[in-house]
$ cat model.txt   # compact mmCIF, C-alpha atoms (C1' of nucleotides)
# COMPACT_ATOMS: atom_id res chain seq x y z
CA MET A 1 33.10 76.43 39.51
CA PRO A 2 31.18 73.22 38.78
CA VAL A 3 30.36 72.75 35.13
CA LYS A 4 26.67 72.45 34.43
CA LYS A 5 26.30 68.95 33.08
CA LYS A 6 24.25 68.43 29.99
CA GLY A 7 21.46 65.92 29.65
CA PRO A 8 17.83 65.70 30.59
CA PRO A 9 16.66 67.83 33.50
CA TYR A 10 15.33 64.65 35.10
CA PRO A 11 17.39 61.57 34.39
CA VAL A 12 15.22 58.49 34.31
CA GLU A 13 16.66 56.86 37.38
CA THR A 14 15.84 59.80 39.55
CA VAL A 15 12.32 60.62 38.49
CA GLY A 16 9.76 60.19 41.20
CA LEU A 17 6.49 58.71 40.10
CA ASP A 18 4.35 61.13 42.04
CA VAL A 19 1.42 59.43 43.67
CA LEU A 20 1.83 56.48 41.37
CA GLU A 21 4.85 55.58 43.41
CA ASP A 22 2.46 54.13 45.97
CA THR A 23 -0.24 52.96 43.68
CA LEU A 24 -0.55 49.26 43.17
CA SER A 25 -2.42 49.70 39.94
CA PHE A 26 0.45 51.52 38.30
CA TYR A 27 2.86 48.70 38.95
CA ILE A 28 0.40 46.06 37.91
CA ARG A 29 -0.18 47.81 34.64
CA SER A 30 3.48 48.34 33.91
CA ILE A 31 4.57 44.90 34.89
CA ASN A 32 1.79 43.55 32.77
CA ILE A 33 3.24 45.22 29.72
CA ALA A 34 6.68 43.82 30.34
CA LEU A 35 5.27 40.43 31.12
CA SER A 36 3.24 40.30 27.94
CA ARG A 37 6.17 41.23 25.78
CA ASP A 38 8.38 38.71 27.40
CA LEU A 39 5.80 36.01 26.97
CA ASP A 40 5.23 36.88 23.36
CA ASP A 41 8.91 36.50 22.71
CA ARG A 42 8.96 33.11 24.25
CA LEU A 43 5.97 32.01 22.23
CA GLU A 44 7.57 33.04 18.97
CA GLY A 45 5.93 31.12 16.16
CA LEU A 46 3.89 28.82 18.36
CA ASP A 47 0.60 29.96 16.79
CA VAL A 48 -0.61 30.98 20.17
CA ALA A 49 1.27 34.25 20.06
CA ARG A 50 -0.21 37.48 21.37
CA GLY A 51 -1.25 35.19 24.10
CA THR A 52 -3.66 37.28 26.02
CA GLY A 53 -6.39 34.73 26.22
CA LYS A 54 -5.26 32.03 23.86
CA ILE A 55 -3.07 30.38 26.41
CA THR A 56 -5.69 30.18 29.07
CA THR A 57 -8.18 28.89 26.57
CA LEU A 58 -5.83 26.25 25.32
CA LEU A 59 -4.97 24.98 28.77
CA LEU A 60 -8.53 25.05 29.98
CA VAL A 61 -9.85 23.15 27.01
CA ASP A 62 -7.08 20.65 27.44
CA SER A 63 -7.74 20.03 31.08
CA HIS A 64 -11.52 20.35 30.94
CA PRO A 65 -12.78 18.53 27.88
CA GLY A 66 -16.15 19.89 26.84
CA ILE A 67 -15.79 23.20 28.62
CA ARG A 68 -17.94 26.01 27.24
CA PRO A 69 -16.79 29.23 25.66
CA SER A 70 -18.82 31.38 27.99
CA VAL A 71 -17.18 29.83 31.01
CA ILE A 72 -13.76 30.59 29.66
CA ALA A 73 -14.88 34.08 28.72
CA GLN A 74 -15.68 34.83 32.30
CA LEU A 75 -12.37 33.50 33.52
CA ILE A 76 -10.35 35.57 31.13
CA MET A 77 -12.65 38.55 31.54
CA ARG A 78 -13.67 38.99 27.99
CA ASP A 79 -17.09 39.34 26.48
CA ARG A 80 -18.68 36.56 24.51
CA SER A 81 -18.01 38.08 21.15
CA ALA A 82 -14.31 38.34 21.78
CA MET A 83 -14.35 34.81 23.04
CA GLY A 84 -16.11 33.62 19.92
CA ARG A 85 -13.44 35.08 17.72
CA LEU A 86 -10.78 33.50 19.83
CA VAL A 87 -12.37 30.13 19.39
CA ASP A 88 -12.61 30.69 15.65
CA GLN A 89 -8.92 31.37 15.48
CA MET A 90 -7.97 28.37 17.45
CA ILE A 91 -10.16 26.12 15.37
CA GLU A 92 -8.55 27.59 12.29
CA HIS A 93 -5.21 26.57 13.73
CA GLU A 94 -6.63 23.13 14.50
CA LEU A 95 -5.94 23.40 18.17
CA ILE A 96 -9.46 22.76 19.36
CA THR A 97 -12.83 21.66 18.02
CA ARG A 98 -16.30 22.95 18.63
CA GLN A 99 -19.49 20.95 18.82
CA ALA A 100 -23.00 21.58 19.99
CA ALA A 101 -23.74 20.66 23.58
CA PRO A 102 -25.94 17.57 23.58
CA ASP A 103 -28.15 18.81 26.36
CA ASP A 104 -28.37 22.50 25.53
CA GLY A 105 -29.01 23.76 22.04
CA ARG A 106 -27.56 27.15 22.77
CA ALA A 107 -24.27 26.00 24.11
CA GLN A 108 -21.12 24.51 22.69
CA GLU A 109 -18.52 22.17 23.97
CA LEU A 110 -14.88 22.62 23.19
CA HIS A 111 -12.41 19.82 22.84
CA ILE A 112 -8.70 19.67 22.31
CA THR A 113 -7.10 18.20 19.20
CA PRO A 114 -3.89 16.18 19.23
CA LYS A 115 -2.08 19.18 17.88
CA GLY A 116 -3.64 21.29 20.59
CA ALA A 117 -2.67 18.86 23.31
CA ASP A 118 0.87 18.94 22.04
CA LEU A 119 0.96 22.67 22.14
CA ALA A 120 -0.58 22.68 25.58
CA ARG A 121 2.30 20.62 26.88
CA LYS A 122 4.81 23.08 25.50
CA VAL A 123 2.89 26.07 26.69
CA ARG A 124 2.67 24.77 30.22
CA LYS A 125 6.41 24.59 30.38
CA ILE A 126 6.87 28.00 28.90
CA ALA A 127 4.28 29.69 31.07
CA THR A 128 5.62 28.34 34.33
CA LYS A 129 9.18 29.02 33.32
CA GLN A 130 8.50 32.58 32.32
CA SER A 131 6.69 33.28 35.52
CA SER A 132 9.48 31.93 37.66
CA ASP A 133 12.18 33.55 35.53
CA PHE A 134 10.49 36.87 35.66
CA PHE A 135 10.12 36.85 39.40
CA ALA A 136 13.39 35.06 39.98
CA ASP A 137 14.92 37.67 42.19
CA VAL A 138 11.90 37.90 44.40
CA PRO A 139 12.49 35.71 47.43
CA GLU A 140 10.54 32.46 47.39
CA LYS A 141 8.54 33.49 50.39
CA ASP A 142 7.43 36.72 48.82
CA GLN A 143 6.44 34.92 45.67
CA LYS A 144 4.14 32.63 47.60
CA ARG A 145 2.68 35.56 49.42
CA LEU A 146 2.22 37.49 46.24
CA LEU A 147 0.55 34.55 44.62
CA ASP A 148 -1.87 34.14 47.49
CA ILE A 149 -2.84 37.74 47.52
CA LEU A 150 -3.25 38.07 43.80
CA ARG A 151 -5.21 34.86 43.58
CA ARG A 152 -7.67 36.15 46.09
CA VAL A 153 -8.05 39.44 44.29
CA TYR A 154 -8.51 37.67 41.01
CA ARG A 155 -11.13 35.29 42.26
CA ARG A 156 -13.13 38.06 43.77
CA THR A 157 -12.83 40.18 40.66
CA ALA A 158 -13.80 37.40 38.32
CA GLY A 159 -16.80 36.70 40.51
CA LEU A 160 -15.64 33.24 41.47
CA ASP A 161 -16.07 33.67 45.17
CA GLN A 162 -18.71 34.76 47.66
CA MET B 1 -31.64 7.77 41.44
CA PRO B 2 -30.07 11.25 41.38
CA VAL B 3 -31.28 13.39 38.53
CA LYS B 4 -28.54 14.53 36.18
CA LYS B 5 -28.52 18.29 36.60
CA LYS B 6 -28.34 20.42 33.53
CA GLY B 7 -25.86 23.21 33.00
CA PRO B 8 -22.27 23.49 31.95
CA PRO B 9 -20.06 20.48 32.54
CA TYR B 10 -17.71 22.75 34.43
CA PRO B 11 -19.41 25.55 36.35
CA VAL B 12 -17.18 28.59 36.53
CA GLU B 13 -16.60 28.49 40.24
CA THR B 14 -15.16 25.02 40.06
CA VAL B 15 -12.84 25.26 37.10
CA GLY B 16 -9.21 24.79 37.94
CA LEU B 17 -6.83 27.03 36.10
CA ASP B 18 -4.33 24.32 35.31
CA VAL B 19 -0.77 25.50 35.75
CA LEU B 20 -1.95 29.08 35.57
CA GLU B 21 -3.32 28.60 39.04
CA ASP B 22 0.22 29.08 40.31
CA THR B 23 1.47 31.49 37.74
CA LEU B 24 1.96 35.04 38.82
CA SER B 25 1.78 36.32 35.29
CA PHE B 26 -1.72 35.04 34.78
CA TYR B 27 -3.05 36.92 37.75
CA ILE B 28 -1.19 40.05 36.88
CA ARG B 29 -2.62 40.00 33.42
CA SER B 30 -6.15 39.38 34.56
CA ILE B 31 -6.13 41.85 37.35
CA ASN B 32 -4.70 44.36 34.95
CA ILE B 33 -7.74 44.02 32.73
CA ALA B 34 -10.12 44.53 35.60
CA LEU B 35 -8.09 47.39 36.91
CA SER B 36 -8.04 49.18 33.58
CA ARG B 37 -11.76 48.91 33.16
CA ASP B 38 -12.43 50.14 36.60
CA LEU B 39 -10.12 53.07 36.11
CA ASP B 40 -11.66 53.97 32.78
CA ASP B 41 -15.04 54.10 34.42
CA ARG B 42 -13.81 56.44 37.05
CA LEU B 43 -12.20 58.69 34.48
CA GLU B 44 -15.39 59.00 32.49
CA GLY B 45 -15.21 62.13 30.41
CA LEU B 46 -12.03 63.49 31.94
CA ASP B 47 -10.24 63.58 28.58
CA VAL B 48 -7.56 61.37 29.98
CA ALA B 49 -9.66 58.28 29.47
CA ARG B 50 -8.21 55.04 28.20
CA GLY B 51 -5.54 55.95 30.61
CA THR B 52 -2.79 53.59 29.76
CA GLY B 53 -0.04 56.14 29.72
CA LYS B 54 -1.87 59.42 29.77
CA ILE B 55 -2.19 59.49 33.49
CA THR B 56 1.43 58.85 34.16
CA THR B 57 2.41 61.41 31.60
CA LEU B 58 0.13 63.99 33.07
CA LEU B 59 1.36 63.50 36.59
CA LEU B 60 4.98 63.39 35.59
CA VAL B 61 4.80 66.55 33.58
CA ASP B 62 3.00 68.19 36.43
CA SER B 63 5.55 67.24 39.03
CA HIS B 64 8.62 67.53 36.83
CA PRO B 65 8.33 70.66 34.73
CA GLY B 66 10.45 70.36 31.61
CA ILE B 67 10.66 66.59 31.65
CA ARG B 68 11.39 64.99 28.28
CA PRO B 69 9.16 62.70 26.30
CA SER B 70 11.80 60.02 26.01
CA VAL B 71 12.19 59.83 29.75
CA ILE B 72 8.49 59.29 30.19
CA ALA B 73 8.49 56.78 27.39
CA GLN B 74 10.93 54.62 29.26
CA LEU B 75 8.96 54.84 32.46
CA ILE B 76 5.74 53.78 30.86
CA MET B 77 7.50 51.27 28.64
CA ARG B 78 6.45 52.59 25.31
CA ASP B 79 8.48 53.38 22.25
CA ARG B 80 9.15 56.91 21.19
CA SER B 81 6.63 56.97 18.40
CA ALA B 82 3.82 55.93 20.68
CA MET B 83 4.97 58.50 23.15
CA GLY B 84 4.98 61.18 20.49
CA ARG B 85 1.39 60.49 19.65
CA LEU B 86 0.47 60.61 23.28
CA VAL B 87 2.05 64.02 23.61
CA ASP B 88 0.22 65.20 20.50
CA GLN B 89 -3.08 64.16 22.00
CA MET B 90 -2.44 65.84 25.26
CA ILE B 91 -1.37 69.05 23.60
CA GLU B 92 -4.54 68.90 21.54
CA HIS B 93 -6.46 68.74 24.78
CA GLU B 94 -4.42 71.64 26.10
CA LEU B 95 -3.11 69.70 29.02
CA ILE B 96 0.55 70.21 28.35
CA THR B 97 2.85 72.21 26.11
CA ARG B 98 5.92 71.27 24.18
CA GLN B 99 9.00 73.39 23.57
CA ALA B 100 12.49 72.77 22.32
CA ALA B 101 15.09 72.10 24.96
CA PRO B 102 17.37 75.12 25.22
CA ASP B 103 20.53 73.07 25.58
CA ASP B 104 19.81 70.20 23.22
CA GLY B 105 18.36 70.73 19.80
CA ARG B 106 17.05 67.22 19.56
CA ALA B 107 15.11 67.20 22.73
CA GLN B 108 11.90 68.74 23.98
CA GLU B 109 10.65 69.88 27.29
CA LEU B 110 7.12 69.36 28.41
CA HIS B 111 5.22 71.69 30.67
CA ILE B 112 1.85 71.56 32.27
CA THR B 113 -0.93 74.01 31.46
CA PRO B 114 -3.34 75.37 34.04
CA LYS B 115 -5.97 73.05 32.68
CA GLY B 116 -3.54 70.18 32.93
CA ALA B 117 -2.61 71.04 36.49
CA ASP B 118 -6.27 71.06 37.35
CA LEU B 119 -6.78 67.69 35.85
CA ALA B 120 -3.68 66.36 37.55
CA ARG B 121 -5.18 67.24 40.89
CA LYS B 122 -8.33 65.34 40.13
CA VAL B 123 -6.48 62.41 38.69
CA ARG B 124 -4.28 62.06 41.72
CA LYS B 125 -7.32 61.67 43.89
CA ILE B 126 -8.93 59.20 41.56
CA ALA B 127 -5.84 57.09 41.07
CA THR B 128 -5.09 56.69 44.74
CA LYS B 129 -8.71 56.07 45.56
CA GLN B 130 -9.13 53.42 42.92
CA SER B 131 -6.03 51.64 44.02
CA SER B 132 -7.09 51.53 47.63
CA ASP B 133 -10.68 50.66 46.77
CA PHE B 134 -9.64 47.87 44.53
CA PHE B 135 -7.38 46.30 47.06
CA ALA B 136 -9.58 47.22 49.98
CA ASP B 137 -10.07 43.72 51.26
CA VAL B 138 -6.40 42.94 51.19
CA PRO B 139 -5.02 43.48 54.68
CA GLU B 140 -2.98 46.64 55.04
CA LYS B 141 0.14 44.68 55.76
CA ASP B 142 -0.16 42.65 52.61
CA GLN B 143 -0.74 45.77 50.58
CA LYS B 144 2.50 47.24 51.80
CA ARG B 145 4.30 44.06 51.09
CA LEU B 146 2.77 43.78 47.66
CA LEU B 147 3.73 47.32 46.90
CA ASP B 148 7.31 46.74 47.92
CA ILE B 149 7.67 43.65 45.85
CA LEU B 150 6.03 45.06 42.77
CA ARG B 151 7.99 48.26 43.00
CA ARG B 152 11.20 46.34 42.99
CA VAL B 153 10.15 44.24 40.02
CA TYR B 154 9.05 47.30 38.15
CA ARG B 155 12.24 49.22 38.74
CA ARG B 156 14.34 46.37 37.59
CA THR B 157 12.18 45.81 34.55
CA ALA B 158 12.15 49.42 33.53
CA GLY B 159 15.90 49.48 33.85
CA LEU B 160 15.91 51.98 36.68
CA ASP B 161 18.13 50.02 38.97
CA GLN B 162 21.48 48.28 38.93
C1' DG C 1 -48.71 24.91 27.76
C1' DC C 2 -47.73 29.73 26.87
C1' DA C 3 -45.74 34.45 27.26
C1' DG C 4 -41.88 36.84 28.65
C1' DA C 5 -37.29 36.90 30.47
C1' DA C 6 -32.75 35.18 30.44
C1' DT C 7 -28.76 32.83 28.25
C1' DA C 8 -25.30 31.26 24.42
C1' DG C 9 -23.38 32.49 20.58
C1' DT C 10 -22.69 35.29 16.03
C1' DT C 11 -21.85 39.29 13.29
C1' DG C 12 -20.92 44.00 11.92
C1' DC C 13 -19.04 48.22 13.18
C1' DG C 14 -16.11 51.42 14.94
C1' DT C 15 -12.30 52.71 17.70
C1' DT C 16 -8.23 52.41 19.72
C1' DT C 17 -3.68 50.99 20.27
C1' DG C 18 0.59 49.73 19.41
C1' DT C 19 4.61 48.09 16.56
C1' DC C 20 7.66 48.30 12.72
C1' DC C 21 10.35 50.99 9.73
C1' DA C 22 12.31 54.65 7.57
C1' DC C 23 13.73 59.41 7.90
C1' DT C 24 15.63 64.06 9.78
C1' DA C 25 18.24 66.64 12.87
C1' DA C 26 21.35 67.23 16.38
C1' DA C 27 24.98 65.78 19.53
C1' DA C 28 28.73 62.82 21.15
C1' DG C 29 32.68 60.02 20.45
C1' DT C 30 37.20 59.22 18.32
C1' DA D 1 36.11 65.38 10.00
C1' DC D 2 33.62 60.83 10.24
C1' DT D 3 30.80 57.73 12.51
C1' DT D 4 27.62 56.42 15.87
C1' DT D 5 24.09 57.35 18.98
C1' DT D 6 20.04 59.77 20.53
C1' DA D 7 15.44 62.51 20.10
C1' DG D 8 11.63 62.97 17.77
C1' DT D 9 8.28 62.42 13.51
C1' DG D 10 5.32 60.21 10.23
C1' DG D 11 3.23 56.40 7.69
C1' DA D 12 1.58 51.96 7.13
C1' DC D 13 -0.24 48.17 9.07
C1' DA D 14 -2.41 44.86 12.00
C1' DA D 15 -4.78 43.19 15.80
C1' DA D 16 -7.77 43.38 19.48
C1' DC D 17 -11.67 44.69 22.04
C1' DG D 18 -16.12 46.42 23.20
C1' DC D 19 -20.81 47.62 22.00
C1' DA D 20 -25.05 46.77 20.06
C1' DA D 21 -28.18 44.28 17.42
C1' DC D 22 -29.94 39.78 16.15
C1' DT D 23 -31.12 34.52 16.32
C1' DA D 24 -32.00 30.48 18.67
C1' DT D 25 -32.77 28.02 22.68
C1' DT D 26 -34.06 27.37 27.37
C1' DC D 27 -36.11 28.66 31.72
C1' DT D 28 -39.72 30.79 34.84
C1' DG D 29 -44.13 31.71 36.43
C1' DC D 30 -48.69 31.44 35.92
$ encode --input "model.txt" --output "structure tokens"
Amino acid sequence: MPVKKKGPPYPVETVGLDVLEDTLSFYIRSINIALSRDLDDRLEGLDVARGTGKITTLLLVDSHPGIRPSVIAQLIMRDRSAMGRLVDQMIEHELITRQAAPDDGRAQELHITPKGADLARKVRKIATKQSSDFFADVPEKDQKRLLDILRRVYRRTAGLDQ
Amino acid sequence: MPVKKKGPPYPVETVGLDVLEDTLSFYIRSINIALSRDLDDRLEGLDVARGTGKITTLLLVDSHPGIRPSVIAQLIMRDRSAMGRLVDQMIEHELITRQAAPDDGRAQELHITPKGADLARKVRKIATKQSSDFFADVPEKDQKRLLDILRRVYRRTAGLDQ
DNA sequence: GCAGAATAGTTGCGTTTGTCCACTAAAAGT
DNA sequence: ACTTTTAGTGGACAAACGCAACTATTCTGC
């Protein structure tokens, strides 16, 4: 007579995910969590940690001198108040500077500092490496495909197209 | 002589995303934000709102009677304390119940309540609909492909394979 | 040139969320 | 028996985000 094994009624490996099994959003959400953790680890101590929007901001300011907070806000899908706080932080860390836009009294222009430019260089390396590490065992072709699809979805969602 | 137009130095539609342009993680993160918001809207008032892990928990408990908190925790990539609080909440809302596992004094078994089962039905509809709505303009074939790829990445990340 | 609408940014507030750590109890390993 | 591992709990803490209200500036239409 077979002995009834102990242990959870549903061992993790065997649990079906119900309808979520076929739901893109579930995977996106989950992978996002893992991705964020992994990235945070790699950014250890780089005063750009918890890099939800800091990274994008840093890179954008670096490659688009004078870019405005509200533009970045839209790209990273945050509201202006959240963006403002982000900018405050980064100024505090001396990564960027803020000045009034010469031609529009309401707006600001952001610029990178030397320290910020330095960090941007490092971050670029880290970000690309993490992305390729993380998806390393996905065949090259699929990665490209994935990238294309997601880019399109993103652009539409962020209101960049049409 | 062309008049210098006013407006941001870099209009949103034209901003390049620097290296992030080709970084899967960036898109995943961004799409995740949009996806979460959209889902929250659709769950308006369904006391499973802010559905980071609630939805998965609800569906899993519904389809796997007696499943253990720690198993769910691993699937949704949370630590046990976060999971515990989640369970508390859901019990509060009378969606699930908690009882000691008969064969293991440390463990618990979760079961769905009628109210929870009801909600699960609704949530299943909503979750699948949102996922297909959101990715509606991605060709069917790509969706399948995307799903396959992401599922594999997820399973590996959650430690379900190997 | 003026009134009203729209836009950029700031601030306060509240809420949520999650992580870290320490602790208890039970089970498994040796 | 002794030690290690696993399941779950509870507290403290921090960070992040969104909403709403408010100011200042610019734009639109008349």
$ residues_around --input "model.txt" --residues "A:Met90" --least-positions-apart "5" --cutoff "12 Å" --atoms "all atoms listed in the file" --output "count of residues only"
26
$ closest_atom_pairs --input "model.txt" --of "chain B" --to "chain C" --cutoff "8 Å" --atoms "all atoms listed in the file" --output "CSV"
residue,atom,partner,partner_atom,distance
B:Ala82,CA,C:DG18,C1',7.1
B:Asp104,CA,C:DA26,C1',7.6
B:Gly105,CA,C:DA26,C1',5.7
B:Arg106,CA,C:DA26,C1',5.3
$ atom_distance --input "model.txt" --atom1 "atom C1' of D:DT9" --atom2 "atom CA of B:Met77"
18.8 Å
$ closest_residue --input "model.txt" --among "B:Lys122, B:His64, B:Lys129, B:Arg80" --to "chain D" --atoms "all atoms listed in the file"
B:Arg80
$ closest_atom_pairs --input "model.txt" --of "chain D" --to "chain A" --cutoff "7 Å" --atoms "all atoms listed in the file" --output "tab-separated table"
residue	atom	partner	partner_atom	distance
D:DC17	C1'	A:Ala82	CA	6.9
D:DA24	C1'	A:Arg106	CA	6.9
D:DT25	C1'	A:Arg106	CA	5.3
$ atom_distance --input "model.txt" --atom1 "atom CA of B:Gln108" --atom2 "atom CA of B:Ser70"
9.0 Å
$ atom_distance --input "model.txt" --atom1 "atom CA of B:Asn32" --atom2 "atom CA of A:Ala34"
12.3 Å
$ closest_residue --input "model.txt" --among "A:Asp133, A:Glu92, A:Asp22, A:Glu140" --to "chain B" --atoms "only C-alpha atoms"
A:Asp22
$ closest_atom_pairs --input "model.txt" --of "chain B" --to "chain A" --cutoff "7 Å" --atoms "all atoms listed in the file" --output "tab-separated table"
residue	atom	partner	partner_atom	distance
B:Pro8	CA	A:Arg68	CA	6.9
B:Pro9	CA	A:Ile67	CA	6.4
B:Tyr10	CA	A:Ile67	CA	6.1
B:Val12	CA	A:Val71	CA	5.7
B:Glu13	CA	A:Leu160	CA	5.0
B:Leu17	CA	A:Leu60	CA	6.7
B:Asp18	CA	A:Leu59	CA	6.6
B:Val19	CA	A:Arg124	CA	6.6
B:Asp22	CA	A:Leu147	CA	7.0
B:Thr23	CA	A:Ser131	CA	5.9
B:Leu24	CA	A:Leu147	CA	6.0
B:Ser25	CA	A:Ser131	CA	5.8
B:Tyr27	CA	A:Leu150	CA	6.2
B:Ile28	CA	A:Asn32	CA	6.2
B:Arg29	CA	A:Asn32	CA	5.7
B:Ser30	CA	A:Ile76	CA	6.6
B:Ile31	CA	A:Tyr154	CA	6.0
B:Asn32	CA	A:Arg29	CA	5.7
B:Leu35	CA	A:Ser25	CA	6.8
B:Leu59	CA	A:Asp18	CA	6.7
B:Leu60	CA	A:Leu17	CA	6.7
B:Ser63	CA	A:Asp18	CA	6.9
B:Gly66	CA	A:Pro9	CA	7.0
B:Ile67	CA	A:Tyr10	CA	6.1
B:Arg68	CA	A:Pro8	CA	6.9
B:Val71	CA	A:Val12	CA	5.6
B:Ile76	CA	A:Ser30	CA	6.6
B:Arg124	CA	A:Val19	CA	6.6
B:Thr128	CA	A:Thr23	CA	6.2
B:Ser131	CA	A:Ser25	CA	5.8
B:Leu146	CA	A:Leu146	CA	6.5
B:Leu147	CA	A:Leu24	CA	6.0
B:Leu150	CA	A:Tyr27	CA	6.2
B:Arg151	CA	A:Tyr27	CA	6.6
B:Tyr154	CA	A:Ile31	CA	6.0
B:Leu160	CA	A:Glu13	CA	5.0
$ decode --input "model.txt" --residues "chain D" --atoms "C-alpha atoms (C1' of nucleotides)" --output "PDB file, in the first residue's frame"
ATOM      1  C1'  DA D   1      18.252  14.118  21.677  1.00  0.00           C
ATOM      2  C1'  DC D   2      20.156  18.183  19.071  1.00  0.00           C
ATOM      3  C1'  DT D   3      20.205  21.041  15.255  1.00  0.00           C
ATOM      4  C1'  DT D   4      18.401  22.908  11.217  1.00  0.00           C
ATOM      5  C1'  DT D   5      14.752  24.074   8.329  1.00  0.00           C
ATOM      6  C1'  DT D   6      10.098  25.530   7.394  1.00  0.00           C
ATOM      7  C1'  DA D   7       5.407  28.008   8.270  1.00  0.00           C
ATOM      8  C1'  DG D   8       3.441  31.682   9.944  1.00  0.00           C
ATOM      9  C1'  DT D   9       3.047  36.209  12.949  1.00  0.00           C
ATOM     10  C1'  DG D  10       3.864  40.858  14.413  1.00  0.00           C
ATOM     11  C1'  DG D  11       6.215  45.303  14.655  1.00  0.00           C
ATOM     12  C1'  DA D  12       8.754  48.957  12.926  1.00  0.00           C
ATOM     13  C1'  DC D  13      10.007  51.482   9.260  1.00  0.00           C
ATOM     14  C1'  DA D  14      10.436  53.678   4.873  1.00  0.00           C
ATOM     15  C1'  DA D  15       9.252  54.916   0.410  1.00  0.00           C
ATOM     16  C1'  DA D  16       6.324  55.797  -3.223  1.00  0.00           C
ATOM     17  C1'  DC D  17       2.327  57.282  -5.517  1.00  0.00           C
ATOM     18  C1'  DG D  18      -1.938  59.529  -6.471  1.00  0.00           C
ATOM     19  C1'  DC D  19      -5.294  63.109  -5.606  1.00  0.00           C
ATOM     20  C1'  DA D  20      -6.637  67.612  -4.921  1.00  0.00           C
ATOM     21  C1'  DA D  21      -5.879  72.284  -4.172  1.00  0.00           C
ATOM     22  C1'  DC D  22      -3.159  76.319  -5.308  1.00  0.00           C
ATOM     23  C1'  DT D  23       0.073  79.717  -7.967  1.00  0.00           C
ATOM     24  C1'  DA D  24       1.973  81.464 -11.954  1.00  0.00           C
ATOM     25  C1'  DT D  25       2.286  81.736 -16.705  1.00  0.00           C
ATOM     26  C1'  DT D  26       0.726  81.289 -21.344  1.00  0.00           C
ATOM     27  C1'  DC D  27      -2.661  80.642 -24.939  1.00  0.00           C
ATOM     28  C1'  DT D  28      -7.269  81.296 -27.310  1.00  0.00           C
ATOM     29  C1'  DG D  29     -11.009  83.741 -28.998  1.00  0.00           C
ATOM     30  C1'  DC D  30     -13.369  87.662 -29.372  1.00  0.00           C
TER      31       DC D  30
END
